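Enquirer: What follows is run_27.txt; its format and atoms are compact mmCIF, C-alpha atoms and all ligand atoms.
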```
# COMPACT_ATOMS: atom_id res chain seq x y z
CA MET A 251 -19.85 7.56 -5.06
CA LYS A 252 -16.84 6.33 -7.06
CA THR A 253 -17.21 3.32 -9.29
CA CYS A 254 -14.82 0.43 -9.68
CA LEU A 255 -14.89 -2.25 -12.34
CA VAL A 256 -13.44 -5.52 -11.08
CA VAL A 257 -12.10 -7.64 -13.94
CA ASP A 258 -11.16 -11.20 -13.09
CA ASP A 259 -12.11 -14.60 -14.43
CA SER A 260 -12.33 -15.96 -10.90
CA LYS A 261 -15.67 -15.43 -9.29
CA VAL A 262 -14.10 -15.81 -5.86
CA VAL A 263 -11.54 -13.06 -6.48
CA ARG A 264 -14.29 -10.76 -7.76
CA LYS A 265 -16.35 -11.44 -4.69
CA VAL A 266 -13.50 -10.70 -2.29
CA ALA A 267 -12.58 -7.52 -4.15
CA ARG A 268 -16.21 -6.42 -4.21
CA HIS A 269 -16.48 -6.92 -0.49
CA ILE A 270 -13.43 -4.75 0.25
CA LEU A 271 -14.42 -2.09 -2.28
CA GLU A 272 -17.95 -1.79 -0.99
CA ARG A 273 -16.62 -1.23 2.48
CA LEU A 274 -14.48 1.55 1.03
CA ASP A 275 -17.68 3.05 -0.35
CA PHE A 276 -17.26 2.13 -3.99
CA SER A 277 -20.03 1.14 -6.33
CA VAL A 278 -18.78 -2.08 -7.91
CA ARG A 279 -19.29 -3.62 -11.35
CA GLU A 280 -17.79 -6.87 -12.56
CA ALA A 281 -16.38 -8.33 -15.76
CA ALA A 282 -14.94 -11.80 -16.35
CA ASP A 283 -12.42 -10.96 -19.10
CA GLY A 284 -10.84 -8.09 -20.99
CA GLN A 285 -13.45 -8.04 -23.70
CA GLU A 286 -16.35 -7.72 -21.27
CA ALA A 287 -14.35 -5.05 -19.46
CA LEU A 288 -13.84 -3.09 -22.65
CA ALA A 289 -17.56 -3.16 -23.34
CA GLU A 290 -18.28 -1.97 -19.79
CA CYS A 291 -15.81 0.88 -20.19
CA GLN A 292 -17.34 1.97 -23.47
CA ASP A 293 -20.79 1.82 -21.94
CA MET A 294 -19.99 3.86 -18.90
CA PRO A 295 -16.36 4.33 -17.86
CA PRO A 296 -15.72 3.62 -14.17
CA ASP A 297 -13.34 5.72 -12.06
CA VAL A 298 -10.98 2.82 -11.63
CA VAL A 299 -10.46 -0.69 -12.99
CA LEU A 300 -9.03 -3.49 -10.87
CA LEU A 301 -7.55 -5.65 -13.58
CA ASP A 302 -6.39 -9.25 -13.55
CA TRP A 303 -3.53 -10.16 -15.89
CA ASN A 304 -4.25 -13.75 -16.97
CA MET A 305 -7.75 -14.19 -18.30
CA PRO A 306 -9.33 -16.15 -21.16
CA VAL A 307 -10.65 -14.35 -24.27
CA MET A 308 -8.69 -11.15 -23.59
CA SER A 309 -5.89 -10.74 -21.05
CA GLY A 310 -5.39 -7.70 -18.86
CA ILE A 311 -2.45 -6.51 -20.96
CA ASP A 312 -4.43 -6.85 -24.18
CA PHE A 313 -7.25 -4.96 -22.53
CA LEU A 314 -4.85 -2.13 -21.66
CA ARG A 315 -3.58 -1.96 -25.22
CA ALA A 316 -7.11 -2.04 -26.63
CA LEU A 317 -8.21 0.67 -24.21
CA ARG A 318 -5.76 3.10 -25.80
CA PHE A 319 -7.56 2.92 -29.09
CA ALA A 320 -11.05 2.62 -27.73
CA ASN A 321 -13.39 5.56 -27.90
CA ILE A 322 -13.96 6.21 -24.23
CA ALA A 323 -15.33 9.36 -22.68
CA ARG A 324 -12.95 9.36 -19.73
CA ARG A 325 -10.02 7.03 -19.22
CA PRO A 326 -10.33 5.12 -15.93
CA LYS A 327 -7.34 4.60 -13.63
CA ILE A 328 -6.01 1.06 -13.83
CA VAL A 329 -4.65 -1.06 -11.00
CA LEU A 330 -3.25 -4.31 -12.35
CA CYS A 331 -3.49 -7.29 -9.98
CA THR A 332 -1.43 -10.35 -10.65
CA THR A 333 0.47 -13.23 -9.16
CA GLU A 334 3.67 -12.21 -10.99
CA ASN A 335 6.07 -9.78 -9.36
CA GLY A 336 9.11 -9.90 -11.58
CA ILE A 337 10.52 -6.52 -12.56
CA GLY A 338 10.00 -7.48 -16.20
CA HIS A 339 6.29 -8.08 -15.66
CA ILE A 340 5.87 -4.83 -13.80
CA ARG A 341 7.55 -2.89 -16.63
CA VAL A 342 5.37 -4.52 -19.26
CA ALA A 343 2.28 -3.55 -17.28
CA ILE A 344 3.36 0.06 -16.85
CA ASP A 345 4.34 0.36 -20.50
CA ALA A 346 0.94 -0.96 -21.51
CA GLY A 347 -0.68 1.80 -19.45
CA ALA A 348 -1.30 0.46 -15.94
CA ASP A 349 -1.22 3.17 -13.27
CA GLU A 350 -0.50 0.85 -10.39
CA TYR A 351 0.52 -2.73 -9.79
CA MET A 352 -0.42 -5.09 -6.99
CA MET A 353 0.23 -8.73 -6.18
CA LYS A 354 -2.56 -11.12 -5.28
CA PRO A 355 -3.65 -11.83 -2.66
CA PHE A 356 -4.02 -8.32 -1.33
CA ASP A 357 -5.66 -6.96 1.78
CA ARG A 358 -7.85 -3.99 2.41
CA GLU A 359 -5.03 -1.64 3.46
CA THR A 360 -2.99 -2.41 0.37
CA LEU A 361 -5.90 -1.93 -1.99
CA GLU A 362 -6.88 1.27 -0.23
CA SER A 363 -3.34 2.61 -0.50
CA LYS A 364 -3.27 1.86 -4.24
CA LEU A 365 -6.61 3.58 -4.74
CA GLN A 366 -5.23 6.62 -2.92
CA ILE A 367 -2.10 6.61 -5.05
CA VAL A 368 -4.11 6.68 -8.28
CA GLY A 369 -6.28 9.40 -6.78
CA VAL A 370 -9.69 7.77 -6.52
CA ALA A 371 -9.87 7.24 -2.75
CA MET B 143 -4.73 -20.91 26.02
CA GLU B 144 -5.88 -19.50 29.35
CA LEU B 145 -3.90 -16.59 30.67
CA SER B 146 -3.99 -15.98 34.39
CA ALA B 147 -4.64 -12.45 35.62
CA ALA B 148 -1.33 -12.53 37.45
CA ALA B 149 0.59 -13.44 34.29
CA THR B 150 -1.16 -10.72 32.32
CA ARG B 151 -0.31 -8.19 35.03
CA ILE B 152 3.35 -9.11 35.06
CA LEU B 153 3.63 -8.99 31.28
CA ALA B 154 1.83 -5.65 31.14
CA GLY B 155 4.12 -4.33 33.88
CA LEU B 156 7.23 -5.39 31.99
CA LEU B 157 6.01 -3.73 28.80
CA GLU B 158 5.14 -0.52 30.58
CA ALA B 159 8.42 -0.36 32.49
CA ARG B 160 10.48 -0.75 29.32
CA THR B 161 8.44 1.22 26.83
CA GLY B 162 5.88 3.30 28.71
CA GLN B 163 3.16 1.52 26.78
CA GLN B 164 0.00 0.26 28.30
CA LEU B 165 -1.39 -3.06 27.26
CA SER B 166 -4.88 -2.17 26.17
CA THR B 167 -7.67 -4.59 26.96
CA GLY B 168 -8.06 -4.96 23.22
CA ARG B 169 -4.56 -6.36 22.96
CA GLN B 170 -4.64 -8.55 26.04
CA TRP B 171 -6.43 -11.35 24.30
CA ARG B 172 -3.66 -11.49 21.73
CA LEU B 173 -0.95 -11.88 24.33
CA ASP B 174 -0.74 -15.62 24.13
CA THR B 175 -0.71 -15.69 20.31
CA ALA B 176 2.06 -13.10 20.32
CA LEU B 177 4.11 -15.18 22.72
CA VAL B 178 3.70 -18.57 21.07
CA PRO B 179 6.83 -18.28 18.86
CA ILE B 180 9.01 -17.42 21.87
CA MET B 181 7.61 -20.28 23.91
CA ARG B 182 8.10 -22.71 21.03
CA ALA B 183 11.67 -21.61 20.47
CA ARG B 184 12.52 -22.20 24.11
CA GLY B 185 10.37 -25.22 24.77
CA ILE B 186 8.28 -23.39 27.36
CA GLU B 187 4.87 -24.98 27.68
CA SER B 188 2.61 -22.28 29.07
CA VAL B 189 2.47 -18.55 29.50
CA ASP B 190 2.58 -19.02 33.26
CA LEU B 191 5.86 -20.91 32.92
CA LEU B 192 7.14 -18.19 30.63
CA VAL B 193 6.26 -15.58 33.20
CA ALA B 194 7.94 -17.64 35.89
CA ALA B 195 11.11 -17.74 33.77
CA LEU B 196 10.88 -13.98 33.28
CA VAL B 197 10.53 -13.35 36.98
CA GLY B 198 13.37 -15.77 37.70
CA GLY B 199 15.44 -13.48 35.47
CA ARG B 200 18.01 -16.08 34.50
CA ASP B 201 17.61 -15.48 30.78
CA ALA B 202 18.29 -11.80 30.13
CA ARG B 203 17.39 -12.07 26.47
CA LEU B 204 13.99 -13.51 27.28
CA ALA B 205 12.64 -10.18 28.55
CA ASP B 206 13.87 -8.47 25.38
CA ALA B 207 12.20 -11.09 23.22
CA VAL B 208 8.92 -10.78 25.12
CA ILE B 209 8.91 -6.98 24.79
CA GLU B 210 9.60 -7.24 21.09
CA ALA B 211 6.73 -9.66 20.68
CA LEU B 212 4.31 -7.40 22.51
CA LEU B 213 5.10 -4.30 20.45
CA ASN B 214 2.92 -3.43 17.54
CA ASN B 215 5.33 -2.61 14.71
CA GLU B 216 2.75 -2.09 12.02
CA THR B 217 3.79 0.49 9.47
CA SER B 218 3.95 1.15 5.75
CA PHE B 219 5.59 3.35 3.17
CA PHE B 220 3.95 6.76 2.84
CA ARG B 221 1.47 5.73 5.48
CA ASP B 222 -1.57 7.91 4.96
CA HIS B 223 -1.11 9.22 1.46
CA GLY B 224 -2.71 12.65 2.00
CA PRO B 225 -0.70 13.79 5.05
CA PHE B 226 2.53 12.65 3.41
CA GLN B 227 1.73 14.77 0.38
CA GLN B 228 1.20 17.70 2.73
CA LEU B 229 4.57 17.04 4.29
CA MET B 230 6.40 16.79 0.98
CA GLY B 231 4.55 19.85 -0.34
CA PRO B 232 3.61 22.89 1.74
CA VAL B 233 5.20 21.83 5.03
CA LEU B 234 8.69 21.22 3.67
CA SER B 235 8.42 24.11 1.29
CA ARG B 236 7.92 26.49 4.22
CA LEU B 237 10.92 25.01 6.02
CA HIS B 238 12.94 25.27 2.83
CA SER B 239 12.39 29.03 2.79
CA ALA B 240 12.96 29.37 6.52
CA ARG B 241 16.28 27.51 6.35
CA ALA B 242 17.50 28.99 3.08
CA GLY B 243 20.40 30.65 4.95
CA ALA B 244 21.78 27.65 6.81
CA ARG B 245 20.69 25.10 4.18
CA ARG B 246 20.32 22.46 6.80
CA LEU B 247 17.32 20.26 7.56
CA ARG B 248 17.11 17.94 10.51
CA VAL B 249 14.46 15.25 10.82
CA TRP B 250 13.67 12.79 13.60
CA SER B 251 11.42 9.81 13.03
CA VAL B 252 10.36 8.59 16.48
CA GLY B 253 9.04 5.04 16.69
CA CYS B 254 10.30 4.38 13.17
CA SER B 255 9.57 0.65 13.33
CA THR B 256 11.10 -1.19 10.35
CA GLY B 257 12.10 2.00 8.57
CA GLN B 258 9.33 2.61 6.03
CA GLU B 259 8.54 6.01 7.54
CA PRO B 260 12.00 7.66 7.48
CA TYR B 261 12.78 5.99 4.14
CA SER B 262 9.59 7.41 2.63
CA LEU B 263 10.80 10.84 3.60
CA ALA B 264 14.30 10.16 2.25
CA MET B 265 12.72 9.00 -1.01
CA GLY B 266 10.51 12.07 -1.20
CA LEU B 267 13.48 14.37 -0.65
CA ALA B 268 15.58 12.50 -3.22
CA GLU B 269 12.82 13.11 -5.74
CA GLN B 270 13.06 16.83 -5.01
CA ALA B 271 16.81 16.73 -5.64
CA ASP B 272 16.91 20.12 -7.37
CA LEU B 273 15.27 21.83 -4.45
CA TRP B 274 17.65 20.40 -1.87
CA ARG B 275 20.90 20.50 -3.83
CA GLY B 276 23.70 21.76 -1.58
CA TRP B 277 21.71 21.14 1.61
CA THR B 278 22.81 19.06 4.56
CA ILE B 279 19.93 16.75 5.35
CA ASP B 280 20.10 14.76 8.51
CA ILE B 281 17.48 12.06 9.11
CA GLN B 282 17.61 10.28 12.46
CA ALA B 283 15.27 7.42 13.28
CA THR B 284 14.72 5.74 16.64
CA ASP B 285 12.68 2.87 18.00
CA VAL B 286 12.64 0.91 21.23
CA SER B 287 12.59 -2.33 19.26
CA ARG B 288 16.04 -3.71 18.54
CA SER B 289 14.80 -6.14 15.91
CA ALA B 290 12.77 -3.46 14.12
CA THR B 291 15.73 -1.07 13.91
CA ALA B 292 17.99 -3.91 12.76
CA ARG B 293 15.54 -4.71 9.97
CA ALA B 294 15.24 -1.03 9.15
CA ARG B 295 18.98 -0.76 8.64
CA GLU B 296 18.87 -3.68 6.22
CA GLY B 297 16.28 -1.94 4.08
CA LEU B 298 15.05 -5.32 2.81
CA TYR B 299 11.28 -5.69 2.38
CA THR B 300 8.80 -8.32 1.29
CA GLN B 301 6.47 -7.88 -1.66
CA PHE B 302 3.65 -7.42 0.83
CA GLU B 303 5.49 -4.57 2.53
CA VAL B 304 6.50 -2.73 -0.62
CA GLN B 305 3.07 -2.79 -2.14
CA ARG B 306 1.48 -1.16 0.84
CA GLY B 307 1.56 2.56 0.21
CA LEU B 308 4.52 2.60 -2.15
CA PRO B 309 3.72 3.65 -5.73
CA VAL B 310 5.00 1.07 -8.19
CA ARG B 311 7.13 3.59 -10.08
CA GLN B 312 8.95 4.44 -6.88
CA LEU B 313 9.44 0.73 -6.23
CA LEU B 314 11.14 0.35 -9.61
CA ARG B 315 13.20 3.49 -9.15
CA TRP B 316 14.50 2.98 -5.62
CA PHE B 317 14.58 -0.77 -4.98
CA ASP B 318 16.55 -3.71 -6.31
CA ARG B 319 15.15 -7.18 -6.49
CA GLU B 320 16.84 -9.61 -4.11
CA GLY B 321 15.38 -13.09 -4.40
CA GLU B 322 11.70 -12.71 -3.54
CA GLN B 323 12.34 -9.45 -1.70
CA TRP B 324 13.17 -5.86 -2.49
CA ARG B 325 16.16 -3.93 -1.16
CA LEU B 326 16.20 -0.15 -0.95
CA VAL B 327 19.16 1.27 -2.86
CA GLN B 328 22.18 2.12 -0.78
CA ALA B 329 22.09 5.80 -1.69
CA LEU B 330 18.82 6.07 0.26
CA ARG B 331 19.69 3.63 3.02
CA GLU B 332 22.69 5.68 4.01
CA LYS B 333 20.58 8.82 4.30
CA VAL B 334 18.89 7.55 7.47
CA ARG B 335 20.60 6.79 10.75
CA PHE B 336 18.86 4.32 13.04
CA HIS B 337 19.24 4.03 16.81
CA VAL B 338 17.63 1.89 19.50
CA HIS B 339 16.04 4.30 21.96
CA SER B 340 12.98 4.42 24.16
CA LEU B 341 10.99 7.59 24.52
CA THR B 342 10.87 6.86 28.23
CA GLU B 343 14.56 7.76 28.36
CA PRO B 344 16.25 11.12 27.91
CA MET B 345 16.84 12.26 24.36
CA PRO B 346 19.97 10.69 22.92
CA LEU B 347 20.25 13.21 20.12
CA PRO B 348 20.99 16.88 20.61
CA GLY B 349 17.97 18.89 19.67
CA MET B 350 16.63 21.33 17.23
CA PHE B 351 14.85 19.15 14.77
CA ASP B 352 12.94 20.87 12.02
CA VAL B 353 10.58 17.96 11.53
CA ILE B 354 9.62 15.33 14.08
CA LEU B 355 7.51 12.42 12.91
CA CYS B 356 5.86 10.73 15.86
CA ARG B 357 3.21 8.71 14.18
CA ASN B 358 1.04 6.02 15.73
CA VAL B 359 3.26 5.81 18.78
CA LEU B 360 1.66 8.09 21.36
CA LEU B 361 -1.65 6.28 21.21
CA TYR B 362 -0.28 3.39 23.25
CA PHE B 363 0.86 5.65 26.10
CA PRO B 364 -1.25 6.53 29.13
CA PRO B 365 -2.06 10.29 29.27
CA PRO B 366 0.65 11.34 31.78
CA MET B 367 3.32 9.55 29.76
CA ARG B 368 1.99 11.11 26.57
CA ARG B 369 2.29 14.53 28.15
CA ALA B 370 5.85 13.83 29.31
CA VAL B 371 6.85 12.61 25.85
CA LEU B 372 5.34 15.66 24.20
CA ASP B 373 7.34 17.84 26.60
CA ARG B 374 10.46 16.01 25.58
CA LEU B 375 9.65 16.39 21.89
CA GLY B 376 8.90 20.05 22.53
CA ARG B 377 12.41 20.56 23.80
CA ALA B 378 13.89 18.75 20.80
CA ILE B 379 12.08 20.71 18.13
CA ALA B 380 13.15 23.99 16.54
CA PRO B 381 10.94 26.96 17.46
CA ASP B 382 9.36 26.92 14.01
CA GLY B 383 9.64 23.15 13.47
CA VAL B 384 6.70 20.81 12.83
CA LEU B 385 5.49 17.72 14.59
CA MET B 386 3.64 15.21 12.43
CA LEU B 387 1.31 12.74 14.09
CA GLY B 388 -0.56 9.74 12.68
CA ALA B 389 -3.61 10.48 10.57
CA GLY B 390 -6.08 9.47 13.26
CA GLU B 391 -4.25 11.07 16.17
CA THR B 392 -4.76 14.33 17.98
CA ILE B 393 -3.04 15.93 20.94
CA ILE B 394 -5.43 18.81 21.37
CA ASP B 395 -6.11 19.22 25.10
CA GLN B 396 -3.27 16.85 25.98
CA THR B 397 -0.35 19.24 26.08
CA GLU B 398 0.40 22.92 26.51
CA ARG B 399 3.46 22.59 24.34
CA PHE B 400 1.95 22.15 20.90
CA GLU B 401 -0.93 23.55 18.94
CA PRO B 402 -2.30 22.58 15.53
CA ASP B 403 -0.44 24.12 12.62
CA PRO B 404 -2.99 26.44 11.01
CA ALA B 405 -1.42 25.83 7.62
CA ALA B 406 -1.38 22.03 7.58
CA ARG B 407 -3.89 19.57 9.00
CA GLY B 408 -2.45 16.86 11.23
CA PHE B 409 0.71 18.89 11.87
CA TYR B 410 1.57 20.68 15.08
CA ARG B 411 3.78 23.61 16.02
CA LEU B 412 5.16 24.79 19.32
CA ARG B 413 2.66 27.02 21.03
CA GLU B 414 3.92 30.55 20.88
CA THR B 415 4.78 31.92 24.26
CA PRO B 416 2.94 35.18 24.81
CA ARG B 417 5.03 38.01 23.43
CA PRO B 418 6.21 40.70 25.78
CA ILE B 419 4.30 43.91 25.29
CA GLN B 420 5.98 46.05 22.68
CA LEU B 421 6.59 49.36 24.40
CA ALA B 422 7.04 51.08 21.07
CA ALA B 423 3.51 50.14 20.17
CA ILE B 424 2.04 51.97 23.17
CA PRO B 425 1.24 55.62 22.49
CA GLY B 426 3.64 57.89 24.30
CA PHE B 427 6.50 55.38 24.33
CA ALA B 428 7.63 55.90 20.78
C1 LIG A 501 2.54 1.18 15.25
S1 LIG A 501 4.24 1.46 15.02
C2 LIG A 501 4.24 2.95 14.06
C3 LIG A 501 5.40 3.02 13.10
C4 LIG A 501 5.46 4.28 12.25
N1 LIG A 501 5.75 5.45 13.05
C5 LIG A 501 4.17 4.48 11.50
O1 LIG A 501 3.37 5.34 11.83
O2 LIG A 501 3.94 3.75 10.54
C6 LIG A 501 4.75 2.02 16.64
C7 LIG A 501 6.24 1.92 16.88
O3 LIG A 501 6.57 2.60 18.09
C8 LIG A 501 7.57 1.90 18.76
N2 LIG A 501 7.57 2.26 20.19
C9 LIG A 501 6.70 1.88 21.13
N3 LIG A 501 7.04 2.37 22.33
C10 LIG A 501 8.16 3.10 22.13
C11 LIG A 501 9.02 3.85 22.99
N4 LIG A 501 8.77 3.95 24.31
N5 LIG A 501 10.10 4.46 22.45
C12 LIG A 501 10.37 4.35 21.13
N6 LIG A 501 9.60 3.65 20.27
C13 LIG A 501 8.51 3.04 20.77
C14 LIG A 501 7.21 0.44 18.49
O4 LIG A 501 8.33 -0.42 18.67
C15 LIG A 501 6.72 0.50 17.05
O5 LIG A 501 7.75 0.24 16.14
```
Would you mind writing the file out in structure tokens?
Ligand SMILES: C[S@@+](CC[C@H](N)C(=O)[O-])C[C@H]1O[C@@H](n2cnc3c(N)ncnc32)[C@H](O)[C@@H]1O
Expert:
Amino acid sequence: MKTCLVVDDSKVVRKVARHILERLDFSVREAADGQEALAECQDMPPDVVLLDWNMPVMSGIDFLRALRFANIARRPKIVLCTTENGIGHIRVAIDAGADEYMMKPFDRETLESKLQIVGVA
Amino acid sequence: MELSAAATRILAGLLEARTGQQLSTGRQWRLDTALVPIMRARGIESVDLLVAALVGGRDARLADAVIEALLNNETSFFRDHGPFQQLMGPVLSRLHSARAGARRLRVWSVGCSTGQEPYSLAMGLAEQADLWRGWTIDIQATDVSRSATARAREGLYTQFEVQRGLPVRQLLRWFDREGEQWRLVQALREKVRFHVHSLTEPMPLPGMFDVILCRNVLLYFPPPMRRAVLDRLGRAIAPDGVLMLGAGETIIDQTERFEPDPAARGFYRLRETPRPIQLAAIPGFA
């Protein structure tokens, strides 16, 4: 079973994502900000991270930058989820190391297609 | 909203006459929801009145609008990631070798909806530019829905549509931002030619396609219609061409024309007609 770490400061978003992911047969873990996510990744890296952009303590982009220097056994695939869809935002995310990019809200088919694109579904 | 059995029957009959599609019981309950926008736009108060207007036949565009509303146009870029990778990899690579002499590739996307399917292929080919340099690539796309083909030609998609199936790097490479939407670059738009055509009618395009994509279209047809369409596709495909169906579809046992491609799952080839006995192979005839 593949594992997915859902990183979002909104409990509701995490719950919705968990629901979809579990139906896609993922084992799901949660984190509420980038710092918690980093700790989770160092503990036991998931196959993929569903990452919010705007979060308190540590944003998604800062998490991506920190992940580069973190000592992690296996780098997870990253799907960034945000409410911004400007080309500039997308470029920043990709430059910081995101593998895929998705606007919120998303549905099951969209998430599934992104997971296929990054090669974990 | 209650829908009378008579109204349902007439609507289903209209759909089947124009498109060959059967209205499944699963979709019957959505009839009224699908028709609400049309009724609103014309100030028609119930489905029965709508059906009466249809039968009266005074508004020719009404029937078109109703058909459009009853069609399921769902689609996405690179729908079914795995099969598309097969197509862009081993399937096209075989055809590339087989056509190395003529350097010509012809593709037909049947039931192309709003264009994501043929454009995905055009995008894939553009990304293999070195391989196809000097080739004539002809991509034709047809759909019974006038509004879907019109949208397809525009190549303008919402954020929701582009994030389904389309990798973000390809979005950045091949689309321009237009307001809140994304427009496919002209260089790719002009690679695909769209036509309004129903599979219930004779082929508008002269045959010999190397690749026919007929994905998530046949499933709405009753078995005899499906067989007839497969016959038609069989006549339009090159002897060594491939037919690609939707990921969940199969036509095994539904046609004598096609058989599964042993080299690629979900792809079909024309069934080989039995070869005449080779006299030279029989001892004494050498
Ligand atoms: C569910 S969509 C599939 C679109 C695309 N091929 C895909 O797989 O994503 C089915 C399409 O078939 C079209 N269609 C239905 N009946 C047809 C017919 N008789 N001739 C041509 N197209 C038809 C519909 O208008 C619709 O756009």
Enquirer: Find, counting only C-alpha atoms, the residue in B:Glu391, B:Thr278, B:Gln305, B:Ile180 that gets nearest to Val329 (chain A).
Expert: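 Looking at the shortest contact to Val329 (chain A), the residue is B:Gln305.
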Enquirer: Which residues are close to region 275-290 of chain A, i.e. within 8 Å by all atoms listed in the file, leaving aside same-chain residues fewer than 5 positions away? Reply as an mmCIF file with C-alpha atoms, in the coordinates of the input.
Expert:
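So the final result, stored in selection-v4.cif, reads:
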```cif
data_model
loop_
_atom_site.group_PDB
_atom_site.id
_atom_site.type_symbol
_atom_site.label_atom_id
_atom_site.label_comp_id
_atom_site.auth_asym_id
_atom_site.auth_seq_id
_atom_site.Cartn_x
_atom_site.Cartn_y
_atom_site.Cartn_z
ATOM 1 C CA MET A 251 -19.850 7.560 -5.060
ATOM 2 C CA LYS A 252 -16.840 6.330 -7.060
ATOM 3 C CA THR A 253 -17.210 3.320 -9.290
ATOM 4 C CA CYS A 254 -14.820 0.430 -9.680
ATOM 5 C CA LEU A 255 -14.890 -2.250 -12.340
ATOM 6 C CA VAL A 256 -13.440 -5.520 -11.080
ATOM 7 C CA VAL A 257 -12.100 -7.640 -13.940
ATOM 8 C CA ASP A 258 -11.160 -11.200 -13.090
ATOM 9 C CA ASP A 259 -12.110 -14.600 -14.430
ATOM 10 C CA SER A 260 -12.330 -15.960 -10.900
ATOM 11 C CA LYS A 261 -15.670 -15.430 -9.290
ATOM 12 C CA ARG A 264 -14.290 -10.760 -7.760
ATOM 13 C CA ARG A 268 -16.210 -6.420 -4.210
ATOM 14 C CA PRO A 295 -16.360 4.330 -17.860
ATOM 15 C CA MET A 305 -7.750 -14.190 -18.300
ATOM 16 C CA PRO A 306 -9.330 -16.150 -21.160
ATOM 17 C CA VAL A 307 -10.650 -14.350 -24.270
ATOM 18 C CA MET A 308 -8.690 -11.150 -23.590
ATOM 19 C CA SER A 309 -5.890 -10.740 -21.050
ATOM 20 C CA GLY A 310 -5.390 -7.700 -18.860
ATOM 21 C CA ASP A 312 -4.430 -6.850 -24.180
ATOM 22 C CA PHE A 313 -7.250 -4.960 -22.530
ATOM 23 C CA ALA A 316 -7.110 -2.040 -26.630
ATOM 24 C CA LEU A 317 -8.210 0.670 -24.210
#
```
Enquirer: Identify all chain B residues at most 12 Å from chain A by counting all atoms listed in the file; ligands do not count. Present them as a PyMOL selection string.
Expert: chain B and resi 216-227+300-315+317-324
Enquirer: Extract, using only C-alpha atoms, all DNA, RNA and protein residues at most 10 Å from Leu153 (chain B), discarding same-chain residues fewer than 2 positions from it, and format them as a list in words.
Expert: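 So the residues in contact are Ala147, Ala148, Ala149, Thr150, Arg151, Gly155, Leu156, Leu157, Glu158, Ala159, Leu165, Gln170, Leu173, Val189, Leu192, Val193, Leu196, Val197, Ala205, Val208, Ile209 and Leu212 of chain B.
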Enquirer: Counting only C-alpha atoms and all ligand atoms, what are the residues, protein, DNA or RNA alike, that approach ligand LIG 501 (chain A) to within 7 Å? I want them as a PyMOL selection string.
Expert: chain B and resi 161-163+213-218+221+252-256+259+284-287+290+339-342+356-359+388
Enquirer: For Pro365 (chain B), find every residue with an atom within 12 Å (counting all atoms listed in the file), except residues of its own chain fewer than 5 positions away, and show them as a list in words.
Expert: Gly162, Gln163, Gln164, Leu360, Ala370, Val371, Leu372, Ile393, Asp395, Gln396 and Thr397 of chain B
Enquirer: CA of Arg315 (chain A) and CA of Leu271 (chain A) are how many Å apart?
Expert: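 Computing it gives 25.4 Å between the two atoms.
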Enquirer: Any idea what the distance is between CA of Ser289 (chain B) and CA of Leu229 (chain B)?
Expert: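 Value for the CA of Ser289 (chain B)-CA of Leu229 (chain B) distance: 27.9 Å.
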Enquirer: Counting all atoms listed in the file, I want the residues whose atoms come within 12 Å of (14.0, 19.4, 25.3) in the file frame, returned as a compact mmCIF listing (two decimals) with C-alpha atoms, in the coordinates of the input.
Expert:
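Saved to point26.txt:
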```
# COMPACT_ATOMS: atom_id res chain seq x y z
CA PRO B 344 16.25 11.12 27.91
CA MET B 345 16.84 12.26 24.36
CA PRO B 346 19.97 10.69 22.92
CA LEU B 347 20.25 13.21 20.12
CA PRO B 348 20.99 16.88 20.61
CA GLY B 349 17.97 18.89 19.67
CA MET B 350 16.63 21.33 17.23
CA PHE B 351 14.85 19.15 14.77
CA ALA B 370 5.85 13.83 29.31
CA VAL B 371 6.85 12.61 25.85
CA LEU B 372 5.34 15.66 24.20
CA ASP B 373 7.34 17.84 26.60
CA ARG B 374 10.46 16.01 25.58
CA LEU B 375 9.65 16.39 21.89
CA GLY B 376 8.90 20.05 22.53
CA ARG B 377 12.41 20.56 23.80
CA ALA B 378 13.89 18.75 20.80
CA ILE B 379 12.08 20.71 18.13
CA ALA B 380 13.15 23.99 16.54
CA PRO B 381 10.94 26.96 17.46
CA ARG B 399 3.46 22.59 24.34
CA LEU B 412 5.16 24.79 19.32
```
Enquirer: In Å, with one decimal, what is the gap from CA of Trp277 (chain B) to CA of Ala389 (chain B)?
Expert: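 These atoms are spaced 28.9 Å apart.
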Enquirer: Find the residues near Val233 (chain B): any atom within 10 Å, counting only C-alpha atoms, skip ones fewer than 4 places away on the same chain, and give them as a short mmCIF file (atom, residue, chain, number, x, y, z; two decimals) with C-alpha atoms, in the frame of the given file.
Expert:
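result36.cif, freshly written:
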```cif
data_model
loop_
_atom_site.label_atom_id
_atom_site.label_comp_id
_atom_site.auth_asym_id
_atom_site.auth_seq_id
_atom_site.Cartn_x
_atom_site.Cartn_y
_atom_site.Cartn_z
CA PRO B 225 -0.70 13.79 5.05
CA PHE B 226 2.53 12.65 3.41
CA GLN B 227 1.73 14.77 0.38
CA GLN B 228 1.20 17.70 2.73
CA LEU B 229 4.57 17.04 4.29
CA LEU B 237 10.92 25.01 6.02
CA HIS B 238 12.94 25.27 2.83
CA VAL B 353 10.58 17.96 11.53
CA GLY B 383 9.64 23.15 13.47
CA VAL B 384 6.70 20.81 12.83
CA ASP B 403 -0.44 24.12 12.62
CA ALA B 405 -1.42 25.83 7.62
CA ALA B 406 -1.38 22.03 7.58
CA PHE B 409 0.71 18.89 11.87
#
```
Enquirer: I need the residue nearest Asp345 (chain A) from this list: A:Val370, A:Val298, A:Leu314, A:Val266. Use all atoms listed in the file for the distance.
Expert: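 Using all atoms listed in the file, the shortest distance to Asp345 (chain A) belongs to A:Leu314.
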